[in-house]
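K.L.:
I have a structure here, written as structure tokens, and I will follow up with some questions on it.
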Amino acid sequence: MVLPSRKTVEGTSRAPHRAMYKAMGLTDDDLSRPLVAVSSTCNEATPCNIHLGKLAQKAKEGVKDSGNTPREFTTIAVSDGIAMGHEGMKSSLVSREIIADSIEIMIRAHQYDALVGISGCDKSLPGTLMAMARLNIPSIFVYGGTILPGNWNGKPVSVQDVYEAVGTFDTGNMSLEQLTSLENVACPSAGSCAGMYTANTMASISEAIGMSLPGSATPIAESEIRNNICYETGKSIDYLIKNDLKPRDIMKYESFENAIIMANAIGGSTNAILHLLALSREANIKLDIKDFEIIRKKTPHIANMRPGGNYVMLDLDNIGGIPVILKSLFDKGIINGDVLTVTGKTLKENLSTYNFAKSEAYFKNNANEFKNILKSVDNPIHDEGTLKILFGNLAPEGAVIKIAGLHSERFVGTAKVFNSEESAFEAISNREIIEGDVVIIRYEGPKGGPGMREMLATTAALVGQGLGEKVAMLTDGRFSGATRGFMIGHVSPEAMVGGPISIVKNGDKIKIDLMKGVVDLKISDKEFSKRLKKLKTIEIRYQTGALSKYATLVQSAAEGAITLPILKQIKRRKFKN
């Protein structure tokens, strides 16, 4: 491998460059070695990321001990939990693109030879992986780890419980003292939200797709095991450098199949669909939203994880983590074991040498609990995976629902239409939503929001009021990984570009059939066409800044809501003498 960094440190013309490095304590010996970027999303915005600076130091130790020179930098990360339920959530998905862009810029500017990427909160995981695919230099991803569950009145709780408790409080079924006591204990440590929400889903996927070391996804954030994982990740980058093993050598179509299988087997977040589509575009892999449904149908749902199930990431780690799930699926021929991983070995080879002693010991001592957390492939929770793609006249390009924990397969209801999340949340808080309603929230898509807000505050309020499956929700926005109930998101095309969701009126009948995979507006074809013709163009809500740029460049949710440049030939300007 020809090291890119040699362009910055070799030759007499690079004496100024070396002088800059020496000002930071590096020696000629340090500069003679490959320069490895150690990127983290450390900040004080969220418990998911607050500890990542310490983990970066462990990764740097590993890089250095393997004979390479680490160079640390940080990039942004938005706290989805704190941004939720107000204007701030518009910036969440946008941050994914900014994270990828900023890592790219740092690597290109300084010509680093390899990348160890550490991240914690939801969008920082796919953002870091997207940068790796885009840059295509030797790279390994490492997760910052999960938070511990809280303990409230003797039962484990997470931030999901707090969001749902708001709805319970609104109904008068919880006192302010109870709500406060729950909020005080729900998030007891650093780390990402405890259930199989978006961060833990993407961490699980990072192992399945081959971009992380085996067993690295599930250990808790603040543990010696997590420190060791970061050290070993830093150390392992040396093999990739010496063998010129790059992300696009690993992230092939079959690897994406494995990732989709994992997301469905664990009852993961609907955001995984959005992020895998975006990542596939960066890796130059042809992945279509229809592929998700084909793969889902051959995948059993086997992990009993919150929010659709009963357990959190710590429980999954206790029984052996993601390798146990991968082995269960591999042994039954469900996943592809021939794909390459960052170890330099295939997934099959990794599983054949992995130490399953922890898993075996847990099963020996707690067989019933083990079987409750992870079902067998032959006796799954559901025969098919949990991330279902719907189509129909309301979603001709697709929509997404997570069916984990759902007990109903059909819903026919009456539309109540809102043109923003705030107006819908206000109506829910005022108890204006009743059984049989289909809550339509539109103009919250990638362009319309812009930023395709998650709506956990809104969906959790409905669940807290006891309406989780007694009403349905349909939106061109997104849902948190902690969302549960009859909630359909990613409706495409979105309202902002004239998608059919924009023509729904109060009182319209909406039919949802999960067996048939359709979501339809029940009006005549004539009325449907008439309403579409009357649509008027709506201006982008933000005229300057990052949100405006995003709204201009972002593609459909069916394409992963990825931003693509407007590629037009640059015209030369004419000047007079």
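Naming works like this for the structure tokens: A, B, ... for the chains as they're shown, residue 1 at the start of each chain, ligands 1 onward in shown order.
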Among segment 426-539 of chain A, which residues carry a DSSP assignment of alpha helix (DSSP H), reported as a count of residues only?
P.N.:
22
K.L.:
Neighbours of Asp383 of chain A within 10 Å (only C-alpha atoms; same-chain residues fewer than 2 positions away dropped), as a PyMOL selection string?
P.N.:
chain A and resi 265+296-302+377-381+385-386
K.L.:
From the list A:Arg442, A:Lys574, A:Arg541, A:Arg134, which residue is nearest Lys416 of chain A when using only C-alpha atoms?
P.N.:
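Once distances to Lys416 of chain A are computed over only C-alpha atoms, the minimum belongs to A:Arg442.
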K.L.:
Skip Phe425 of chain A itself and residues of its chain fewer than 3 positions away, then list as a list in words all residues within 9 Å of it, counting only C-alpha atoms.
P.N.:
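In the requested format, the answer is Gly85, Ser420, Glu421, Glu422, Ile428, Ser429, Asn430, Ala457, Thr458, Thr459 and Ala461 of chain A.
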K.L.:
Keeping only N, CA, C and O atoms, write the selected residues as a short mmCIF file (atom, residue, chain, number, x, y, z; two decimals), in the first residue's frame.
P.N.:
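What ended up in again19.cif:
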```
data_model
loop_
_atom_site.label_atom_id
_atom_site.label_comp_id
_atom_site.auth_asym_id
_atom_site.auth_seq_id
_atom_site.Cartn_x
_atom_site.Cartn_y
_atom_site.Cartn_z
N GLY A 85 -38.87 16.05 20.00
CA GLY A 85 -40.12 16.71 20.35
C GLY A 85 -40.16 18.20 20.10
O GLY A 85 -41.14 18.86 20.48
N SER A 420 -47.65 19.31 10.99
CA SER A 420 -46.39 19.38 11.75
C SER A 420 -46.51 18.47 12.96
O SER A 420 -47.62 18.13 13.40
N GLU A 421 -45.38 18.08 13.49
CA GLU A 421 -45.37 17.25 14.69
C GLU A 421 -45.94 18.01 15.88
O GLU A 421 -46.68 17.45 16.70
N GLU A 422 -45.61 19.30 16.00
CA GLU A 422 -46.07 20.08 17.14
C GLU A 422 -47.60 20.10 17.25
O GLU A 422 -48.16 19.94 18.34
N ILE A 428 -52.74 15.43 20.79
CA ILE A 428 -52.64 14.23 21.62
C ILE A 428 -52.66 14.60 23.10
O ILE A 428 -53.36 13.98 23.91
N SER A 429 -51.89 15.63 23.45
CA SER A 429 -51.84 16.07 24.85
C SER A 429 -53.21 16.54 25.35
O SER A 429 -53.55 16.38 26.52
N ASN A 430 -53.99 17.11 24.42
CA ASN A 430 -55.33 17.60 24.77
C ASN A 430 -56.39 16.50 24.69
O ASN A 430 -57.59 16.79 24.78
N ALA A 457 -41.60 11.45 21.12
CA ALA A 457 -42.44 12.15 22.10
C ALA A 457 -43.91 11.98 21.75
O ALA A 457 -44.76 11.77 22.64
N THR A 458 -44.23 12.02 20.47
CA THR A 458 -45.62 11.92 20.01
C THR A 458 -46.14 10.49 20.11
O THR A 458 -47.23 10.24 20.65
N THR A 459 -45.35 9.53 19.61
CA THR A 459 -45.79 8.14 19.64
C THR A 459 -45.84 7.61 21.08
O THR A 459 -46.76 6.86 21.44
N ALA A 461 -46.43 9.31 23.74
CA ALA A 461 -47.60 9.89 24.41
C ALA A 461 -48.85 9.09 24.10
O ALA A 461 -49.69 8.85 24.99
#
```
K.L.:
Please provide the set of residues having any atom within 10 Å of Leu351 of chain A, restricted to only C-alpha atoms, with same-chain residues fewer than 2 positions apart removed, written as a list in words.
P.N.:
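Once the nearby chain positions are removed, what remains is Pro214, Pro323, Val324, Leu326, Lys327, Phe330, Gly337, Lys345, Thr346, Leu347, Lys348, Glu349, Thr353, Tyr354, Asn355 and Phe356 of chain A.
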K.L.:
Provide the atom CA of Val439 of chain A to atom CA of Gly88 of chain A distance in Å, to one decimal place.
P.N.:
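Interatomic distance, atom CA of Val439 of chain A to atom CA of Gly88 of chain A: 22.0 Å.
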K.L.:
I'd like the neighbourhood of Leu462 of chain A as a list in words, where a residue qualifies if any of its atoms comes within 10 Å (using only C-alpha atoms), though same-chain residues fewer than 3 positions away should be ignored.
P.N.:
Glu164, Val166, Gly167, Thr168, Phe425, Ile428, Ser429, Arg431, Ile433, Ile434, Leu456, Ala457, Thr458, Thr459, Gln465, Gly466, Leu467, Gly468, Glu469, Lys470, Val471, Ala472, Met473, Arg484 and Gly485 of chain A
K.L.:
When you count only C-alpha atoms, which of these residues is closest to Glu254 of chain A: A:Val339, A:Met196, A:Leu213, A:Gly267?
P.N.:
A:Val339
K.L.:
Which polymer residues have any atom within 7 Å of an atom of segment 506-518 of chain A, counting only C-alpha atoms, with same-chain residues fewer than 2 positions away left out, as a PyMOL selection string?
P.N.:
chain A and resi 389-392+409-417+504+520-522
K.L.:
Which residues are near segment 275-281 of chain A? Cut-off 7 Å, only C-alpha atoms, ignore same chain within fewer than 3 positions. Put them as a list in words.
P.N.:
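The neighbour list is Pro126, Met130, Asn271, Ala272, Asn284, Ile285, Lys286, Leu287, Glu559, Gly560, Ala561 and Ile562 of chain A.
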K.L.:
What does the distance between atom CA of Ile373 of chain A and atom CA of Thr201 of chain A come to in Å, to one decimal place?
P.N.:
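So the two atoms, atom CA of Ile373 of chain A and atom CA of Thr201 of chain A, lie 15.8 Å apart.
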K.L.:
From the set A:Arg478, A:Lys358, A:Lys530, A:His86, which residue has the shortest atom-to-atom contact distance to Gly215 of chain A, counting only C-alpha atoms?
P.N.:
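Closest candidate: A:Lys358.
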K.L.:
Kindly give the distance, in Å, that separates atom CA of Ile147 of chain A and atom CA of Ser216 of chain A, rounded to a single decimal.
P.N.:
14.5 Å
K.L.:
For each of A:Ser40, A:Asn368, A:Ser328, A:Ser66, take the minimum atom-to-atom distance to Ser236 of chain A, counting only C-alpha atoms, then give the residue where this is smallest.
P.N.:
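Of the candidates, the smallest distance to Ser236 of chain A is held by A:Ser66.
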K.L.:
Among segment 217-442 of chain A, which ones does DSSP place in strand (DSSP E or B), written as a PyMOL selection string?
P.N.:
chain A and resi 220+301+303+305+311+340+346+374+382+387-391+398-402+410-418+437-441
K.L.:
For Met132 of chain A, which residue among A:Ala482, A:Ile250, A:Leu340, A:Leu316 is the nearest when counting only C-alpha atoms?
P.N.:
A:Ile250
K.L.:
Check the smallest atom-to-atom distance from each of A:Arg71, A:Lys549, A:Lys447, A:Lys364 to Gly117 of chain A using only C-alpha atoms, then report the winner.
P.N.:
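Checking each of A:Arg71, A:Lys549, A:Lys447, A:Lys364 against Gly117 of chain A, counting only C-alpha atoms, the winner is A:Arg71.
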